[in-house]
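Student: Questions regarding the structure given below will be posed in turn.
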Amino acid sequence: MAKNKTKIKQGKASAALLTLGEKLKTSNPDMAEHFEAIKSMELSVPRLVQVIEDLLPYPWEDPELFEEGIKLTAQGFYNEAIAVFRDVLRMSPNAYPAYHLMGHVYMALGNRKEEIENYRKAARLKPNYPQIYIDLGTAYWMQGKEKKSYAAFKKIVPMAPDFSIADYWLTFIFDRLGRNRDVYEMNEENLEAPLKVYASISGLIGQAYLEFGCHAAARQAFKRSVRVWPEFADGHYLLGVLHIKKLRNPKRAVKYLEIAEQLYIRQNDFQRAALVHQLYRPKEEVQEKNKAAEEWLKEGLRLQNLTWYQAAVDAYQMARGFKPDFLDAYYNMGVAYGCMEENGIDALHKAVWVFKKSIDLNPEFIHAYTALGASYIKQGDTKEAIEVLNRAEKVCPKDSNVYFYLGIASRINSQYEEAVAYLKNAVALKPDSVQVQFYLGLSLLDAKLHEEACSAFRDVIRIKPDFADGHMMLGNLYRESIPEPDKAVYHLKRAEKLFMKMEDFQRVGYIRQLLARSAKTS
């Protein structure tokens, strides 16, 4: 999604734009009640705190200092607000609302690094409220970190299956906590265009809803984006695609797609304009169908790189519509289906079908065999996986992935000797693969070959010294099977630091238990 960091001259801002709240109120009467509830409040500490406490509840023993921080934030005295929130956290270290609002303050000061760090601290303390991921995703987006932004927005969906929660929170942040109102004028030369930011974030959140199949919420988000910013090409495009695919409303689809096409042309983005045109016109009108197929393949790869897997699948479907036997489109579609598992979406059966089709199109295409084998393993069908991978070995006996997945399938079947043999073959073909070496170590452990397992895990951390799991496995081996207490403590402490950096606190706790036991026995 395009990033728009438009500079706005201070003197023209009030004349050029309505306030965000007024714009939202005008464009969507359904939001009027929520908006009025916020807008009608005087900027008094008790009333503003009441809203904050409703949205970010916390059992304050003495809320007065926190109230002072909110007042300073709303008035734009950001440096003073930071000092107050730090005092709050000294007294209440687990007060996630203080971290959250301090992140907002750093945003207003233009300090993205501190903004993100404070949002992350708030999320660690209370990971199950959607507002923090809205702000975290927005901060990442403003930094140009689109993957991290989208990952944050995807976390919203299970907690807030209706877009209105995100809409309400964004309105509150923009209009009631004084975004872009810095009394020190530190950001005078780098003001953001609030409407464009709001629209872009709404569109990206809508895409996250779409990924999970929440089409009504996605539609709400896309409609909000184009109402707030009528020239938002991506918003019109996404609405058009949604009406074609899920809402089955061709007339509205054409309306939105025609607007998107014209907006892309105005932006000189002729490639996107051509793709949009092909969506709502008969395929027979396209003269160069192979070229169109290649363009849709590129679009699918772009979307897949952004982790927009459902959108990528749709692009690959368009590609094969222009070129029915397009192997690359089928194969990459299967990869996208397989990646949907990251979102908890079961699409492996679709991946299996697509990879089978890829093999039908080219029986020598080794990547389709290994991908199909991996999909069967994920489905728990190791018998089918081994059958496919044995065929793959005949097609390409020098492919390390074939032996890797054969080793994984054998290990799942408790055939540890076979697993070791396959994984040794994989290591011989790809000796610097952390993944292959690590699973060889696990299989050697299963086979009770502790010295060899130790050697494999040492190779793992030789290849990747900061691989936490490798250090943890070595620490366990030196603690239990090859007693060398000093080495055990070294590797366990190294793993503890690495897991702490990854914020994997469950395994940090487990390792600390092991270290405590080691200290007692020494």
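Each chain in the structure tokens gets a letter, A, B, ..., in the order shown, and its residues are numbered from 1; ligands are numbered from 1 in order too.
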With a distance cut-off of 9 Å and only C-alpha atoms, select the neighbouring residues of Gly235 of chain A, excluding the residue or stretch itself and same-chain residues fewer than 3 positions from it, and output the selection as an MDAnalysis selection string.
Tutor: chainID A and resid 199:200 202:203 221:226 229:232 238:240 256 260
Student: For Glu117 of chain A, find every residue with an atom within 12 Å (counting only C-alpha atoms), except residues of its own chain fewer than 6 positions away, and show them as an mmCIF file with C-alpha atoms, in the first residue's frame.
Tutor:
```
data_model
loop_
_atom_site.group_PDB
_atom_site.id
_atom_site.type_symbol
_atom_site.label_atom_id
_atom_site.label_comp_id
_atom_site.auth_asym_id
_atom_site.auth_seq_id
_atom_site.Cartn_x
_atom_site.Cartn_y
_atom_site.Cartn_z
ATOM 1 C CA TYR A 99 3.193 2.886 28.241
ATOM 2 C CA HIS A 100 0.481 3.114 25.588
ATOM 3 C CA LEU A 101 -0.060 6.852 26.007
ATOM 4 C CA MET A 102 3.662 7.478 26.262
ATOM 5 C CA GLY A 103 3.972 5.783 22.873
ATOM 6 C CA HIS A 104 1.352 8.204 21.562
ATOM 7 C CA TYR A 106 6.542 9.948 21.260
ATOM 8 C CA MET A 107 4.552 9.630 18.028
ATOM 9 C CA ASN A 111 10.280 9.706 17.708
ATOM 10 C CA ALA A 123 1.445 -5.209 24.518
ATOM 11 C CA ARG A 124 3.699 -7.419 26.663
ATOM 12 C CA ILE A 132 -2.399 -1.356 21.045
ATOM 13 C CA ASP A 135 -1.263 2.030 17.112
ATOM 14 C CA LEU A 136 1.677 -0.354 16.774
ATOM 15 C CA ALA A 139 3.736 3.234 13.756
ATOM 16 C CA TYR A 140 5.349 0.471 11.721
#
```
Student: Just how far from atom CA of Glu64 of chain A is atom CA of Phe85 of chain A, in Å to one decimal?
Tutor: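 These two atoms are separated by 11.3 Å.
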Student: Could you name the residues that touch Ile52 of chain A at 9 Å or less, counting only C-alpha atoms, but leaving out those on the same chain fewer than 5 positions away, as a PDB file with N, CA and C atoms, in the first residue's frame?
Tutor:
```
ATOM      1  N   ARG A  47     -13.325  14.111  32.585  1.00  0.00           N
ATOM      2  CA  ARG A  47     -14.092  13.558  31.470  1.00  0.00           C
ATOM      3  C   ARG A  47     -13.199  12.801  30.506  1.00  0.00           C
ATOM      4  N   PRO A  57      -8.829   0.077  30.519  1.00  0.00           N
ATOM      5  CA  PRO A  57      -9.081  -0.072  31.963  1.00  0.00           C
ATOM      6  C   PRO A  57      -7.850  -0.577  32.718  1.00  0.00           C
ATOM      7  N   ILE A  70      -2.459  12.622  31.109  1.00  0.00           N
ATOM      8  CA  ILE A  70      -3.464  12.730  30.040  1.00  0.00           C
ATOM      9  C   ILE A  70      -3.707  14.204  29.692  1.00  0.00           C
ATOM     10  N   PRO A  97      -1.569   1.271  30.391  1.00  0.00           N
ATOM     11  CA  PRO A  97      -2.047   2.503  29.745  1.00  0.00           C
ATOM     12  C   PRO A  97      -0.993   3.609  29.708  1.00  0.00           C
TER      13      PRO A  97
END
```
Student: What lies within 8 Å of segment 345-360 of chain A using only C-alpha atoms, ignoring chain neighbours under 2 positions off, as a list of chain:residue names?
Tutor: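 Listed by chain and then number, they are A:Phe212, A:Leu327, A:Tyr330, A:Tyr331, A:Met333, A:Gly334, A:Val335, A:Ala336, A:Tyr337, A:Gly338, A:Met340, A:Glu341, A:Glu342, A:Asn343, A:Asn362, A:Pro363, A:Glu364, A:Phe365, A:Ala368, A:Tyr369, A:Ala371, A:Leu372, A:Ser375, A:Tyr376, A:Lys378, A:Gln379.
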Student: Applying 10 Å and only C-alpha atoms, which residues near Asp446 of chain A remain after dropping the ones on its own chain fewer than 2 positions away? List them as a PDB file with N, CA and C atoms, in the first residue's frame.
Tutor:
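To be explicit, this is the file written out as result.pdb:
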```pdb
ATOM      1  N   ARG A 411      10.751 -39.488  10.931  1.00  0.00           N
ATOM      2  CA  ARG A 411      10.824 -39.187  12.371  1.00  0.00           C
ATOM      3  C   ARG A 411       9.436 -39.159  12.989  1.00  0.00           C
ATOM      4  N   SER A 414       8.253 -42.401  13.873  1.00  0.00           N
ATOM      5  CA  SER A 414       9.134 -43.064  14.871  1.00  0.00           C
ATOM      6  C   SER A 414      10.126 -44.014  14.213  1.00  0.00           C
ATOM      7  N   GLN A 415      10.439 -43.813  12.958  1.00  0.00           N
ATOM      8  CA  GLN A 415      11.466 -44.587  12.241  1.00  0.00           C
ATOM      9  C   GLN A 415      12.772 -43.798  12.324  1.00  0.00           C
ATOM     10  N   TYR A 416      13.405 -43.848  13.501  1.00  0.00           N
ATOM     11  CA  TYR A 416      14.499 -42.927  13.787  1.00  0.00           C
ATOM     12  C   TYR A 416      15.759 -43.232  12.978  1.00  0.00           C
ATOM     13  N   GLU A 417      16.048 -44.509  12.758  1.00  0.00           N
ATOM     14  CA  GLU A 417      17.240 -44.840  11.970  1.00  0.00           C
ATOM     15  C   GLU A 417      17.095 -44.344  10.536  1.00  0.00           C
ATOM     16  N   ALA A 419      15.190 -41.888   9.605  1.00  0.00           N
ATOM     17  CA  ALA A 419      15.227 -40.426   9.663  1.00  0.00           C
ATOM     18  C   ALA A 419      16.667 -39.922   9.684  1.00  0.00           C
ATOM     19  N   VAL A 420      17.503 -40.553  10.498  1.00  0.00           N
ATOM     20  CA  VAL A 420      18.914 -40.155  10.579  1.00  0.00           C
ATOM     21  C   VAL A 420      19.589 -40.317   9.217  1.00  0.00           C
ATOM     22  N   LEU A 440      18.576 -32.972  12.073  1.00  0.00           N
ATOM     23  CA  LEU A 440      19.464 -34.134  12.200  1.00  0.00           C
ATOM     24  C   LEU A 440      19.805 -34.347  13.669  1.00  0.00           C
ATOM     25  N   GLY A 441      20.122 -33.252  14.378  1.00  0.00           N
ATOM     26  CA  GLY A 441      20.415 -33.369  15.810  1.00  0.00           C
ATOM     27  C   GLY A 441      19.249 -33.954  16.585  1.00  0.00           C
ATOM     28  N   LEU A 442      18.039 -33.522  16.284  1.00  0.00           N
ATOM     29  CA  LEU A 442      16.856 -34.053  16.970  1.00  0.00           C
ATOM     30  C   LEU A 442      16.678 -35.546  16.696  1.00  0.00           C
ATOM     31  N   SER A 443      16.894 -35.950  15.455  1.00  0.00           N
ATOM     32  CA  SER A 443      16.735 -37.366  15.101  1.00  0.00           C
ATOM     33  C   SER A 443      17.811 -38.220  15.747  1.00  0.00           C
ATOM     34  N   LEU A 444      19.020 -37.688  15.852  1.00  0.00           N
ATOM     35  CA  LEU A 444      20.091 -38.416  16.542  1.00  0.00           C
ATOM     36  C   LEU A 444      19.767 -38.566  18.030  1.00  0.00           C
ATOM     37  N   LYS A 448      19.085 -42.015  20.367  1.00  0.00           N
ATOM     38  CA  LYS A 448      19.966 -42.161  21.536  1.00  0.00           C
ATOM     39  C   LYS A 448      21.443 -42.049  21.168  1.00  0.00           C
ATOM     40  N   LEU A 449      21.748 -41.381  20.086  1.00  0.00           N
ATOM     41  CA  LEU A 449      23.133 -41.168  19.649  1.00  0.00           C
ATOM     42  C   LEU A 449      23.564 -39.782  20.135  1.00  0.00           C
ATOM     43  N   HIS A 450      23.850 -39.692  21.430  1.00  0.00           N
ATOM     44  CA  HIS A 450      24.030 -38.392  22.067  1.00  0.00           C
ATOM     45  C   HIS A 450      25.277 -37.653  21.596  1.00  0.00           C
ATOM     46  N   ALA A 453      24.583 -36.308  18.214  1.00  0.00           N
ATOM     47  CA  ALA A 453      23.611 -35.215  18.329  1.00  0.00           C
ATOM     48  C   ALA A 453      24.306 -33.939  18.795  1.00  0.00           C
TER      49      ALA A 453
END
```
Student: I'd like the interatomic distance between atom CA of Gly206 of chain A and atom CA of Asn118 of chain A, to a tenth of an Å.
Tutor: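 It comes out at 25.1 Å.
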Student: With distances taken over only C-alpha atoms, which residue among A:Val228, A:Val402, A:Ala208, A:Ala374 lies nearest Gln310 of chain A?
Tutor: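 Comparing A:Val228, A:Val402, A:Ala208, A:Ala374 against Gln310 of chain A, the winner is A:Ala208.
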Student: Choose the residue, out of A:Glu115, A:Phe66, A:Leu303, A:His277, that has the smallest atom-to-atom separation from Pro46 of chain A; count only C-alpha atoms.
Tutor: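 Selected residue with least distance to Pro46 of chain A: A:Phe66.
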Student: Could you give me the residues within segment 42-274 of chain A that DSSP places in helix (DSSP H, G or I), as a PyMOL selection string?
Tutor: chain A and resi 45-55+64-75+78-91+96-108+112-125+130-142+146-159+164-176+194-211+215-228+233-245+250-266+270-274
Student: Atom CA of Met472 of chain A and atom CA of Ala421 of chain A, how far apart in Å?
Tutor: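 Computing it gives 24.1 Å between the two atoms.
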Student: Just checking: using only C-alpha atoms, which residue out of A:Ala217, A:Met91, A:Val254, A:Val84 ends up closest to Arg281 of chain A?
Tutor: A:Val254
